[in-house]
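Engineer: Structure file structure27.cif (mmCIF, C-alpha atoms and all ligand atoms) right here:
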data_target
#
loop_
_atom_site.group_PDB
_atom_site.id
_atom_site.type_symbol
_atom_site.label_atom_id
_atom_site.label_comp_id
_atom_site.auth_asym_id
_atom_site.auth_seq_id
_atom_site.Cartn_x
_atom_site.Cartn_y
_atom_site.Cartn_z
ATOM 1 C CA MET D 1 131.671 38.727 66.808
ATOM 2 C CA LYS D 2 132.644 35.200 65.733
ATOM 3 C CA GLN D 3 135.150 34.637 68.553
ATOM 4 C CA ASP D 4 136.772 31.401 67.273
ATOM 5 C CA ILE D 5 137.335 32.812 63.812
ATOM 6 C CA TYR D 6 138.597 36.092 65.309
ATOM 7 C CA ASN D 7 141.193 34.208 67.386
ATOM 8 C CA GLN D 8 142.264 32.103 64.395
ATOM 9 C CA GLU D 9 142.648 35.261 62.289
ATOM 10 C CA ILE D 10 145.003 36.770 64.890
ATOM 11 C CA LYS D 11 147.076 33.579 64.792
ATOM 12 C CA ASP D 12 147.189 33.598 60.985
ATOM 13 C CA TRP D 13 148.259 37.251 60.850
ATOM 14 C CA ASP D 14 150.945 36.697 63.464
ATOM 15 C CA ALA D 15 152.268 33.947 61.178
ATOM 16 C CA ASN D 16 151.927 36.047 58.005
ATOM 17 C CA ALA D 17 153.739 39.043 59.538
ATOM 18 C CA LYS D 18 157.160 37.747 58.471
ATOM 19 C CA PHE D 19 156.163 38.320 54.828
ATOM 20 C CA TYR D 20 155.597 42.006 55.563
ATOM 21 C CA VAL D 21 158.718 42.738 57.596
ATOM 22 C CA ASN D 22 160.950 43.593 54.677
ATOM 23 C CA GLU D 23 159.407 45.594 51.858
ATOM 24 C CA ASN D 24 161.998 44.169 49.460
ATOM 25 C CA PHE D 25 160.154 40.924 49.848
ATOM 26 C CA MET D 26 157.205 42.302 47.904
ATOM 27 C CA PRO D 27 158.560 44.779 45.350
ATOM 28 C CA TYR D 28 155.529 44.321 43.040
ATOM 29 C CA GLN D 29 153.161 45.302 45.799
ATOM 30 C CA GLU D 30 155.327 48.079 47.234
ATOM 31 C CA LYS D 31 156.654 49.695 44.077
ATOM 32 C CA ILE D 32 153.687 49.252 41.756
ATOM 33 C CA VAL D 33 150.447 48.562 43.636
ATOM 34 C CA ARG D 34 150.944 50.740 46.712
ATOM 35 C CA LYS D 35 152.245 53.628 44.611
ATOM 36 C CA LYS D 36 149.181 53.481 42.348
ATOM 37 C CA MET D 37 146.851 53.108 45.321
ATOM 38 C CA TYR D 38 148.127 56.138 47.255
ATOM 39 C CA LYS D 39 148.238 58.288 44.146
ATOM 40 C CA PHE D 40 144.540 57.483 43.747
ATOM 41 C CA TYR D 41 143.771 58.196 47.432
ATOM 42 C CA ASN D 42 145.456 61.587 46.993
ATOM 43 C CA ILE D 43 146.155 62.081 50.699
ATOM 44 C CA ASP D 44 147.519 65.464 51.723
ATOM 45 C CA LYS D 45 150.598 65.301 53.970
ATOM 46 C CA SER D 46 148.878 67.569 56.503
ATOM 47 C CA GLN D 47 145.863 65.233 56.888
ATOM 48 C CA ALA D 48 145.410 63.002 59.943
ATOM 49 C CA VAL D 49 145.317 59.423 58.678
ATOM 50 C CA LEU D 50 144.372 56.165 60.380
ATOM 51 C CA GLU D 51 145.848 53.036 58.748
ATOM 52 C CA ALA D 52 143.271 50.477 59.879
ATOM 53 C CA GLY D 53 144.502 46.879 59.867
ATOM 54 C CA GLY D 54 147.663 48.541 58.653
ATOM 55 C CA GLY D 55 150.129 45.671 58.971
ATOM 56 C CA ILE D 56 153.727 46.789 58.502
ATOM 57 C CA VAL D 57 153.918 49.964 56.441
ATOM 58 C CA LYS D 58 156.043 53.090 56.513
ATOM 59 C CA LEU D 59 153.702 55.732 57.904
ATOM 60 C CA LEU D 60 153.230 59.278 56.643
ATOM 61 C CA LYS D 61 154.019 62.152 59.070
ATOM 62 C CA ASN D 62 150.474 62.460 60.435
ATOM 63 C CA SER D 63 149.456 58.799 60.284
ATOM 64 C CA VAL D 64 148.630 56.386 63.069
ATOM 65 C CA LEU D 65 148.274 52.634 62.551
ATOM 66 C CA ILE D 66 146.143 50.081 64.340
ATOM 67 C CA ASP D 67 146.404 46.308 63.985
ATOM 68 C CA PHE D 68 145.334 43.430 66.227
ATOM 69 C CA SER D 69 148.362 41.218 65.483
ATOM 70 C CA THR D 70 151.249 41.417 67.977
ATOM 71 C CA LYS D 71 153.759 40.464 65.285
ATOM 72 C CA MET D 72 152.470 43.080 62.837
ATOM 73 C CA ILE D 73 152.710 45.759 65.526
ATOM 74 C CA GLU D 74 156.255 44.651 66.436
ATOM 75 C CA GLY D 75 157.216 44.954 62.748
ATOM 76 C CA CYS D 76 155.458 48.312 62.457
ATOM 77 C CA LYS D 77 157.330 49.680 65.464
ATOM 78 C CA SER D 78 160.625 48.593 63.921
ATOM 79 C CA ILE D 79 160.161 51.068 61.037
ATOM 80 C CA ASN D 80 158.047 53.822 62.672
ATOM 81 C CA GLN D 81 157.831 55.765 65.944
ATOM 82 C CA ALA D 82 156.460 53.277 68.477
ATOM 83 C CA GLU D 83 153.634 55.565 69.674
ATOM 84 C CA LYS D 84 152.192 55.654 66.134
ATOM 85 C CA CYS D 85 151.643 51.876 66.140
ATOM 86 C CA VAL D 86 148.661 50.849 68.249
ATOM 87 C CA GLN D 87 147.656 47.271 68.983
ATOM 88 C CA GLY D 88 143.890 46.783 68.963
ATOM 89 C CA SER D 89 140.908 45.801 66.868
ATOM 90 C CA VAL D 90 139.238 48.078 64.352
ATOM 91 C CA HIS D 91 135.782 47.303 65.775
ATOM 92 C CA ASP D 92 136.701 49.100 69.021
ATOM 93 C CA LEU D 93 138.953 52.039 68.187
ATOM 94 C CA PRO D 94 140.810 53.812 71.019
ATOM 95 C CA PHE D 95 140.462 57.223 69.315
ATOM 96 C CA GLU D 96 138.259 60.302 69.836
ATOM 97 C CA ASN D 97 135.225 61.108 67.680
ATOM 98 C CA ASN D 98 136.009 63.172 64.557
ATOM 99 C CA SER D 99 139.770 62.751 64.879
ATOM 100 C CA PHE D 100 140.841 61.652 61.368
ATOM 101 C CA ASP D 101 140.576 63.167 57.887
ATOM 102 C CA VAL D 102 141.189 59.783 56.292
ATOM 103 C CA VAL D 103 140.770 56.138 57.289
ATOM 104 C CA VAL D 104 142.698 53.743 55.032
ATOM 105 C CA ALA D 105 141.527 50.107 55.021
ATOM 106 C CA ASN D 106 143.810 48.202 52.662
ATOM 107 C CA GLY D 107 143.019 44.491 52.422
ATOM 108 C CA LEU D 108 141.005 44.677 55.627
ATOM 109 C CA PHE D 109 137.283 44.488 54.865
ATOM 110 C CA HIS D 110 136.942 40.852 53.780
ATOM 111 C CA HIS D 111 138.709 39.861 57.023
ATOM 112 C CA ILE D 112 136.398 42.026 59.122
ATOM 113 C CA LYS D 113 133.471 40.389 57.358
ATOM 114 C CA VAL D 114 134.556 36.837 58.259
ATOM 115 C CA GLN D 115 135.094 37.929 61.879
ATOM 116 C CA GLY D 116 131.450 39.103 62.005
ATOM 117 C CA LEU D 117 132.597 42.681 62.674
ATOM 118 C CA LEU D 118 131.541 44.553 59.544
ATOM 119 C CA ASP D 119 128.748 46.602 61.147
ATOM 120 C CA LYS D 120 130.670 47.567 64.293
ATOM 121 C CA THR D 121 133.774 48.473 62.288
ATOM 122 C CA CYS D 122 131.837 50.690 59.862
ATOM 123 C CA ASP D 123 130.264 52.496 62.839
ATOM 124 C CA GLU D 124 133.715 53.003 64.341
ATOM 125 C CA PHE D 125 135.159 54.365 61.086
ATOM 126 C CA PHE D 126 132.175 56.734 60.820
ATOM 127 C CA ARG D 127 132.672 57.879 64.443
ATOM 128 C CA VAL D 128 136.414 58.647 64.218
ATOM 129 C CA LEU D 129 136.226 60.364 60.819
ATOM 130 C CA LYS D 130 135.777 64.132 60.703
ATOM 131 C CA PRO D 131 132.729 65.473 58.808
ATOM 132 C CA SER D 132 133.287 64.796 55.076
ATOM 133 C CA GLY D 133 136.251 62.566 55.970
ATOM 134 C CA LYS D 134 137.383 59.872 53.510
ATOM 135 C CA LEU D 135 137.293 56.107 53.886
ATOM 136 C CA CYS D 136 139.803 54.593 51.420
ATOM 137 C CA ILE D 137 139.310 50.918 50.697
ATOM 138 C CA PHE D 138 141.465 48.421 48.819
ATOM 139 C CA ASP D 139 139.863 45.001 48.398
ATOM 140 C CA ARG D 140 138.761 42.295 45.942
ATOM 141 C CA ALA D 141 137.204 43.485 42.654
ATOM 142 C CA PRO D 142 133.600 42.468 41.918
ATOM 143 C CA ASN D 143 134.196 40.123 38.981
ATOM 144 C CA LEU D 144 134.780 36.501 38.113
ATOM 145 C CA VAL D 145 138.567 36.404 38.368
ATOM 146 C CA PRO D 146 138.919 36.900 42.155
ATOM 147 C CA LYS D 147 135.963 34.547 42.641
ATOM 148 C CA LEU D 148 137.721 31.828 40.634
ATOM 149 C CA MET D 149 141.011 32.438 42.443
ATOM 150 C CA PHE D 150 139.155 32.129 45.745
ATOM 151 C CA TYR D 151 137.846 28.675 44.803
ATOM 152 C CA VAL D 152 141.256 27.542 43.513
ATOM 153 C CA ARG D 153 142.879 28.550 46.826
ATOM 154 C CA GLN D 154 140.477 26.550 49.028
ATOM 155 C CA PRO D 155 141.696 23.007 48.136
ATOM 156 C CA LEU D 156 145.305 24.265 48.230
ATOM 157 C CA LYS D 157 144.741 25.257 51.852
ATOM 158 C CA LEU D 158 143.969 21.638 52.676
ATOM 159 C CA ILE D 159 147.442 20.685 51.451
ATOM 160 C CA HIS D 160 149.428 23.414 53.193
ATOM 161 C CA LYS D 161 148.719 26.168 55.685
ATOM 162 C CA PRO D 162 148.301 29.716 54.342
ATOM 163 C CA LYS D 163 151.703 30.972 53.298
ATOM 164 C CA SER D 164 151.198 34.347 51.789
ATOM 165 C CA THR D 165 150.756 38.011 52.447
ATOM 166 C CA CYS D 166 146.982 37.990 52.321
ATOM 167 C CA SER D 167 145.595 34.522 52.913
ATOM 168 C CA THR D 168 144.044 33.272 56.165
ATOM 169 C CA THR D 169 142.265 30.039 57.117
ATOM 170 C CA ASN D 170 138.760 31.533 57.081
ATOM 171 C CA GLU D 171 139.086 33.917 54.158
ATOM 172 C CA VAL D 172 135.814 34.954 52.447
ATOM 173 C CA GLN D 173 134.937 36.923 49.334
ATOM 174 C CA PHE D 174 134.284 40.663 49.182
ATOM 175 C CA LEU D 175 131.076 41.354 47.262
ATOM 176 C CA GLU D 176 128.999 44.250 45.969
ATOM 177 C CA SER D 177 126.544 43.534 48.804
ATOM 178 C CA ASP D 178 129.364 44.246 51.300
ATOM 179 C CA ILE D 179 129.994 47.597 49.655
ATOM 180 C CA GLU D 180 126.243 48.350 49.955
ATOM 181 C CA LYS D 181 126.472 47.483 53.643
ATOM 182 C CA ILE D 182 129.368 49.900 54.194
ATOM 183 C CA ILE D 183 127.425 52.625 52.368
ATOM 184 C CA SER D 184 124.418 52.004 54.628
ATOM 185 C CA HIS D 185 126.555 53.077 57.612
ATOM 186 C CA GLY D 186 126.646 56.662 56.323
ATOM 187 C CA PHE D 187 129.116 56.656 53.430
ATOM 188 C CA LYS D 188 128.868 57.535 49.760
ATOM 189 C CA ILE D 189 131.146 56.306 46.950
ATOM 190 C CA GLU D 190 133.163 59.163 45.513
ATOM 191 C CA LYS D 191 135.624 57.355 43.221
ATOM 192 C CA ARG D 192 136.476 53.819 42.193
ATOM 193 C CA MET D 193 139.500 52.327 40.413
ATOM 194 C CA TYR D 194 140.393 48.782 39.381
ATOM 195 C CA LEU D 195 143.920 47.409 39.693
ATOM 196 C CA ILE D 196 146.105 44.271 39.546
ATOM 197 C CA ASN D 197 145.006 42.866 36.201
ATOM 198 C CA ILE D 198 145.158 39.122 35.601
ATOM 199 C CA PHE D 199 148.468 39.308 33.660
ATOM 200 C CA PHE D 200 150.122 41.181 36.499
ATOM 201 C CA GLN D 201 148.517 38.785 38.993
ATOM 202 C CA SER D 202 149.941 35.833 37.022
ATOM 203 C CA MET D 203 153.421 37.326 37.403
ATOM 204 C CA ILE D 204 152.861 37.609 41.152
ATOM 205 C CA ILE D 205 151.704 33.971 41.311
ATOM 206 C CA LEU D 206 154.716 32.883 39.278
ATOM 207 C CA THR D 207 157.127 34.547 41.711
ATOM 208 C CA ASN D 208 155.198 33.002 44.626
ATOM 209 C CA ILE D 209 155.803 29.594 43.039
ATOM 210 C CA PHE D 210 159.508 30.454 42.691
ATOM 211 C CA GLN D 211 159.579 31.471 46.318
ATOM 212 C CA TYR D 212 157.881 28.251 47.346
ATOM 213 C CA LEU D 213 160.231 26.059 45.311
ATOM 214 C CA PHE D 214 163.544 27.931 45.474
ATOM 215 C CA GLY D 215 163.247 30.388 48.367
ATOM 216 C CA ALA D 216 162.932 34.146 48.845
ATOM 217 C CA LYS D 217 166.193 35.156 47.146
ATOM 218 C CA ALA D 218 165.191 33.488 43.863
ATOM 219 C CA ALA D 219 161.749 35.093 44.017
ATOM 220 C CA ILE D 220 163.225 38.550 44.556
ATOM 221 C CA ILE D 221 165.573 38.139 41.569
ATOM 222 C CA VAL D 222 162.627 37.092 39.356
ATOM 223 C CA GLN D 223 160.572 40.049 40.565
ATOM 224 C CA ARG D 224 163.350 42.569 39.999
ATOM 225 C CA ILE D 225 163.945 41.346 36.438
ATOM 226 C CA SER D 226 160.267 41.308 35.519
ATOM 227 C CA MET D 227 159.422 44.650 37.184
ATOM 228 C CA PRO D 228 159.490 46.826 34.022
ATOM 229 C CA LEU D 229 157.180 44.366 32.201
ATOM 230 C CA ALA D 230 154.857 44.214 35.231
ATOM 231 C CA MET D 231 154.598 48.018 35.276
ATOM 232 C CA VAL D 232 153.728 48.253 31.592
ATOM 233 C CA VAL D 233 151.179 45.436 31.767
ATOM 234 C CA GLU D 234 149.502 46.965 34.823
ATOM 235 C CA LYS D 235 149.322 50.376 33.164
ATOM 236 C CA ILE D 236 147.711 49.118 29.959
ATOM 237 C CA PHE D 237 145.187 46.501 31.122
ATOM 238 C CA SER D 238 143.458 47.985 34.160
ATOM 239 C CA PHE D 239 139.858 47.437 33.072
ATOM 240 C CA LYS D 240 137.211 46.397 35.558
ATOM 241 C CA PHE D 241 136.632 42.939 34.059
ATOM 242 C CA LEU D 242 140.378 42.127 33.932
ATOM 243 C CA CYS D 243 141.307 43.207 37.454
ATOM 244 C CA VAL D 244 141.326 41.255 40.709
ATOM 245 C CA GLU D 245 141.367 44.211 43.100
ATOM 246 C CA GLN D 246 139.749 47.606 43.447
ATOM 247 C CA CYS D 247 140.211 50.868 45.343
ATOM 248 C CA ILE D 248 137.187 52.830 46.504
ATOM 249 C CA ILE D 249 137.102 56.276 48.068
ATOM 250 C CA MET D 250 134.000 56.786 50.201
ATOM 251 C CA LYS D 251 132.983 60.046 51.827
ATOM 252 C CA LYS D 252 131.360 60.356 55.255
ATOM 253 C CA GLN D 253 127.866 61.817 54.719
HETATM 254 C C1 LIG D 301 145.870 41.905 54.089
HETATM 255 S S1 LIG D 301 146.656 42.546 55.524
HETATM 256 C C2 LIG D 301 146.885 44.196 54.968
HETATM 257 C C3 LIG D 301 147.948 44.927 55.708
HETATM 258 C C4 LIG D 301 148.172 46.372 55.224
HETATM 259 N N1 LIG D 301 146.943 47.142 55.282
HETATM 260 C C5 LIG D 301 148.760 46.399 53.845
HETATM 261 O O1 LIG D 301 148.084 46.884 52.919
HETATM 262 O O2 LIG D 301 149.895 45.932 53.669
HETATM 263 C C6 LIG D 301 145.299 42.709 56.683
HETATM 264 C C7 LIG D 301 145.722 43.286 58.017
HETATM 265 O O3 LIG D 301 144.538 43.522 58.798
HETATM 266 C C8 LIG D 301 144.793 43.151 60.137
HETATM 267 N N2 LIG D 301 143.489 42.877 60.764
HETATM 268 C C9 LIG D 301 142.582 41.923 60.406
HETATM 269 N N3 LIG D 301 141.511 41.990 61.210
HETATM 270 C C10 LIG D 301 141.727 43.004 62.090
HETATM 271 C C11 LIG D 301 140.988 43.556 63.167
HETATM 272 N N4 LIG D 301 139.794 43.082 63.530
HETATM 273 N N5 LIG D 301 141.509 44.618 63.840
HETATM 274 C C12 LIG D 301 142.726 45.102 63.514
HETATM 275 N N6 LIG D 301 143.488 44.611 62.519
HETATM 276 C C13 LIG D 301 142.993 43.572 61.802
HETATM 277 C C14 LIG D 301 145.728 41.958 60.025
HETATM 278 O O4 LIG D 301 146.467 41.728 61.197
HETATM 279 C C15 LIG D 301 146.602 42.366 58.839
HETATM 280 O O5 LIG D 301 147.736 43.067 59.283
#
As a first step, turn the structure in this file into structure tokens.

Structural biologist:
Amino acid sequence: MKQDIYNQEIKDWDANAKFYVNENFMPYQEKIVRKKMYKFYNIDKSQAVLEAGGGIVKLLKNSVLIDFSTKMIEGCKSINQAEKCVQGSVHDLPFENNSFDVVVANGLFHHIKVQGLLDKTCDEFFRVLKPSGKLCIFDRAPNLVPKLMFYVRQPLKLIHKPKSTCSTTNEVQFLESDIEKIISHGFKIEKRMYLINIFFQSMIILTNIFQYLFGAKAAIIVQRISMPLAMVVEKIFSFKFLCVEQCIIMKKQ
């Protein structure tokens, strides 16, 4: 583990938690992206689900969430039963072997990578999943657009501290080689989907700028007005080479 980076990541996520507290703050993500994502994951209500690095989300009936940030867990407890929200790191899971049908890791893997915890975390996910269990991943797509965005963000971080729902000081890219690494821990890709095309992403960036300049209320108004257009654009242009994110379903072998 890279201890200094790990500690900094906890600090950054504690600071970012305020962006997750109210789902109205991120209607694009909640009403378009998350809906599309979970439809793709196709999780049965009866299945036992672990939301790994789950942040602040409304949990399904049989879901449990783990996150290492105190603030995220506080927020999670405010909208779910407290016992379903566990504080801890995904590289050392406090759960029995073979206890989950599904592990969901949304926006988690590139953070695990920078913390030097990719191998341990994959072993833990393998251990707690039941035979043939699913590992559902949402992370950066393997094309030029997220790479470019990554390089644009770096100088911006020198000007101001990360102020967003996904950015941290030590952020790294998520590459095909990382997917190969996950596979090597006993998983096989079952399905893959690309999402958040560059037009939709531009609308998100535009509202972030509004939020930065005029505050949250202005950003929410802009998002609400542009929502129908965002939905149409996202539906039509979700090709691999146009998208900044991807969802992968992997099966435990
Ligand atoms: C990009 S956010 C995604 C949150 C949530 N999955 C979602 O889709 O809204 C990444 C989350 O992973 C958590 N996280 C990062 N590293 C972690 C670790 N080693 N153990 C547990 N949680 C971690 C962060 O605190 C943060 O809540």

Engineer: Identify, counting only C-alpha atoms and all ligand atoms, the protein, DNA and RNA residues located within 8 Å of ligand LIG 301 (chain D), and give them as a PDB file with C-alpha atoms, in the frame of the given file.

Structural biologist:
ATOM      1  CA  TYR D   6     138.597  36.092  65.309  1.00  0.00           C
ATOM      2  CA  GLU D   9     142.648  35.261  62.289  1.00  0.00           C
ATOM      3  CA  ILE D  10     145.003  36.770  64.890  1.00  0.00           C
ATOM      4  CA  TRP D  13     148.259  37.251  60.850  1.00  0.00           C
ATOM      5  CA  ASP D  14     150.945  36.697  63.464  1.00  0.00           C
ATOM      6  CA  ALA D  17     153.739  39.043  59.538  1.00  0.00           C
ATOM      7  CA  TYR D  20     155.597  42.006  55.563  1.00  0.00           C
ATOM      8  CA  ARG D  34     150.944  50.740  46.712  1.00  0.00           C
ATOM      9  CA  GLU D  51     145.848  53.036  58.748  1.00  0.00           C
ATOM     10  CA  ALA D  52     143.271  50.477  59.879  1.00  0.00           C
ATOM     11  CA  GLY D  53     144.502  46.879  59.867  1.00  0.00           C
ATOM     12  CA  GLY D  54     147.663  48.541  58.653  1.00  0.00           C
ATOM     13  CA  GLY D  55     150.129  45.671  58.971  1.00  0.00           C
ATOM     14  CA  ILE D  56     153.727  46.789  58.502  1.00  0.00           C
ATOM     15  CA  VAL D  57     153.918  49.964  56.441  1.00  0.00           C
ATOM     16  CA  ILE D  66     146.143  50.081  64.340  1.00  0.00           C
ATOM     17  CA  ASP D  67     146.404  46.308  63.985  1.00  0.00           C
ATOM     18  CA  PHE D  68     145.334  43.430  66.227  1.00  0.00           C
ATOM     19  CA  SER D  69     148.362  41.218  65.483  1.00  0.00           C
ATOM     20  CA  MET D  72     152.470  43.080  62.837  1.00  0.00           C
ATOM     21  CA  GLN D  87     147.656  47.271  68.983  1.00  0.00           C
ATOM     22  CA  GLY D  88     143.890  46.783  68.963  1.00  0.00           C
ATOM     23  CA  SER D  89     140.908  45.801  66.868  1.00  0.00           C
ATOM     24  CA  VAL D  90     139.238  48.078  64.352  1.00  0.00           C
ATOM     25  CA  HIS D  91     135.782  47.303  65.775  1.00  0.00           C
ATOM     26  CA  VAL D 104     142.698  53.743  55.032  1.00  0.00           C
ATOM     27  CA  ALA D 105     141.527  50.107  55.021  1.00  0.00           C
ATOM     28  CA  ASN D 106     143.810  48.202  52.662  1.00  0.00           C
ATOM     29  CA  GLY D 107     143.019  44.491  52.422  1.00  0.00           C
ATOM     30  CA  LEU D 108     141.005  44.677  55.627  1.00  0.00           C
ATOM     31  CA  HIS D 111     138.709  39.861  57.023  1.00  0.00           C
ATOM     32  CA  ILE D 112     136.398  42.026  59.122  1.00  0.00           C
ATOM     33  CA  GLN D 115     135.094  37.929  61.879  1.00  0.00           C
ATOM     34  CA  LEU D 117     132.597  42.681  62.674  1.00  0.00           C
ATOM     35  CA  PHE D 138     141.465  48.421  48.819  1.00  0.00           C
ATOM     36  CA  THR D 165     150.756  38.011  52.447  1.00  0.00           C
ATOM     37  CA  CYS D 166     146.982  37.990  52.321  1.00  0.00           C
ATOM     38  CA  SER D 167     145.595  34.522  52.913  1.00  0.00           C
TER      39      SER D 167
END

Engineer: For stretch 148-150 of chain D, please output as a VMD selection string all residues within 10 Å (counting all atoms listed in the file; exclusion window: fewer than 5 positions along the same chain).

Structural biologist: chain D and resid 143 155 167 171 to 173 244

Engineer: When you draw a straight line from atom CA of D:Ile189 to atom CA of D:Phe125, how long is it in Å?

Structural biologist: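 Distance between the two atoms: 14.8 Å.
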
Engineer: Hey, could you make a per-residue contact list for stretch 99-179 of chain D against stretch 226-241 of chain D with 9 Å as the cut-off, showing the nearest pair of atoms and its distance in Å to one decimal, counting all atoms listed in the file, sorted by chain and number, as JSON lines?

Structural biologist:
{"residue": "D:Ala141", "atom": "CA", "partner": "D:Lys240", "partner_atom": "CA", "distance": 7.7}
{"residue": "D:Pro142", "atom": "CA", "partner": "D:Lys240", "partner_atom": "CA", "distance": 8.3}
{"residue": "D:Asn143", "atom": "CA", "partner": "D:Phe241", "partner_atom": "CA", "distance": 6.2}
{"residue": "D:Leu144", "atom": "CA", "partner": "D:Phe241", "partner_atom": "CA", "distance": 7.8}
{"residue": "D:Val145", "atom": "CA", "partner": "D:Phe241", "partner_atom": "CA", "distance": 8.1}

Engineer: What does the file look like for those residues with C-alpha atoms, as a PDB file, in the frame of the given file?

Structural biologist:
ATOM      1  CA  ALA D 141     137.204  43.485  42.654  1.00  0.00           C
ATOM      2  CA  PRO D 142     133.600  42.468  41.918  1.00  0.00           C
ATOM      3  CA  ASN D 143     134.196  40.123  38.981  1.00  0.00           C
ATOM      4  CA  LEU D 144     134.780  36.501  38.113  1.00  0.00           C
ATOM      5  CA  VAL D 145     138.567  36.404  38.368  1.00  0.00           C
TER       6      VAL D 145
END

Engineer: Produce a table with one row for each residue of stretch 73-191 of chain D that has an atom at most 7 Å from any atom of stretch 37-50 of chain D, each row naming the nearest atom pair and its distance in Å at one decimal; use only C-alpha atoms; arrange rows by chain and rising residue number; format as a tab-separated table.

Structural biologist:
residue	atom	partner	partner_atom	distance
D:Phe100	CA	D:Ala48	CA	5.0
D:Asp101	CA	D:Ala48	CA	5.3
D:Val102	CA	D:Val49	CA	4.8
D:Val103	CA	D:Leu50	CA	4.7
D:Val104	CA	D:Leu50	CA	6.1
D:Cys136	CA	D:Tyr41	CA	6.7

Engineer: Find the axis-aligned box for stretch 37-44 of chain D, covering all its listed atoms and adding 4 Å on each side, and write its centre and edge lengths in Å to one decimal as AutoDock Vina command-line options.

Structural biologist:
--center_x 146.0 --center_y 59.3 --center_z 47.7 --size_x 12.5 --size_y 20.4 --size_z 16.0

Engineer: Measuring between only C-alpha atoms, which one of D:Leu135, D:Cys243, D:Leu93, D:Ile79 shows the shortest distance to D:Phe200?

Structural biologist: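 With only C-alpha atoms as the atom set, the closest residue is D:Cys243.
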
Engineer: Would you mind telling me which residue in D:Asn80, D:Lys134, D:Cys122, D:Thr70 lies nearest to D:Ser99 when using all atoms listed in the file?

Structural biologist: D:Lys134

Engineer: Can you work out the spacing between atom CA of D:Gln246 and atom CA of D:Arg192 in Å, to one decimal?

Structural biologist: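 One can read the atom CA of D:Gln246 to atom CA of D:Arg192 distance as 7.1 Å.
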
Engineer: Between atom CA of D:Ser63 and atom CA of D:Cys76, measure the distance and give it in Å to one decimal.

Structural biologist: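 These two atoms are separated by 12.3 Å.
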
Engineer: Starting from the point (130.9, 53.9, 47.7), work out which residues of protein, DNA or RNA have an atom no more than 8 Å away when counting only C-alpha atoms; state them as a list in words.

Structural biologist: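 So the residues meeting the distance criterion are Ile179, Glu180, Ile182, Ile183, Phe187, Lys188, Ile189, Glu190, Lys191, Arg192, Ile248, Ile249, Met250 and Lys251 of chain D.
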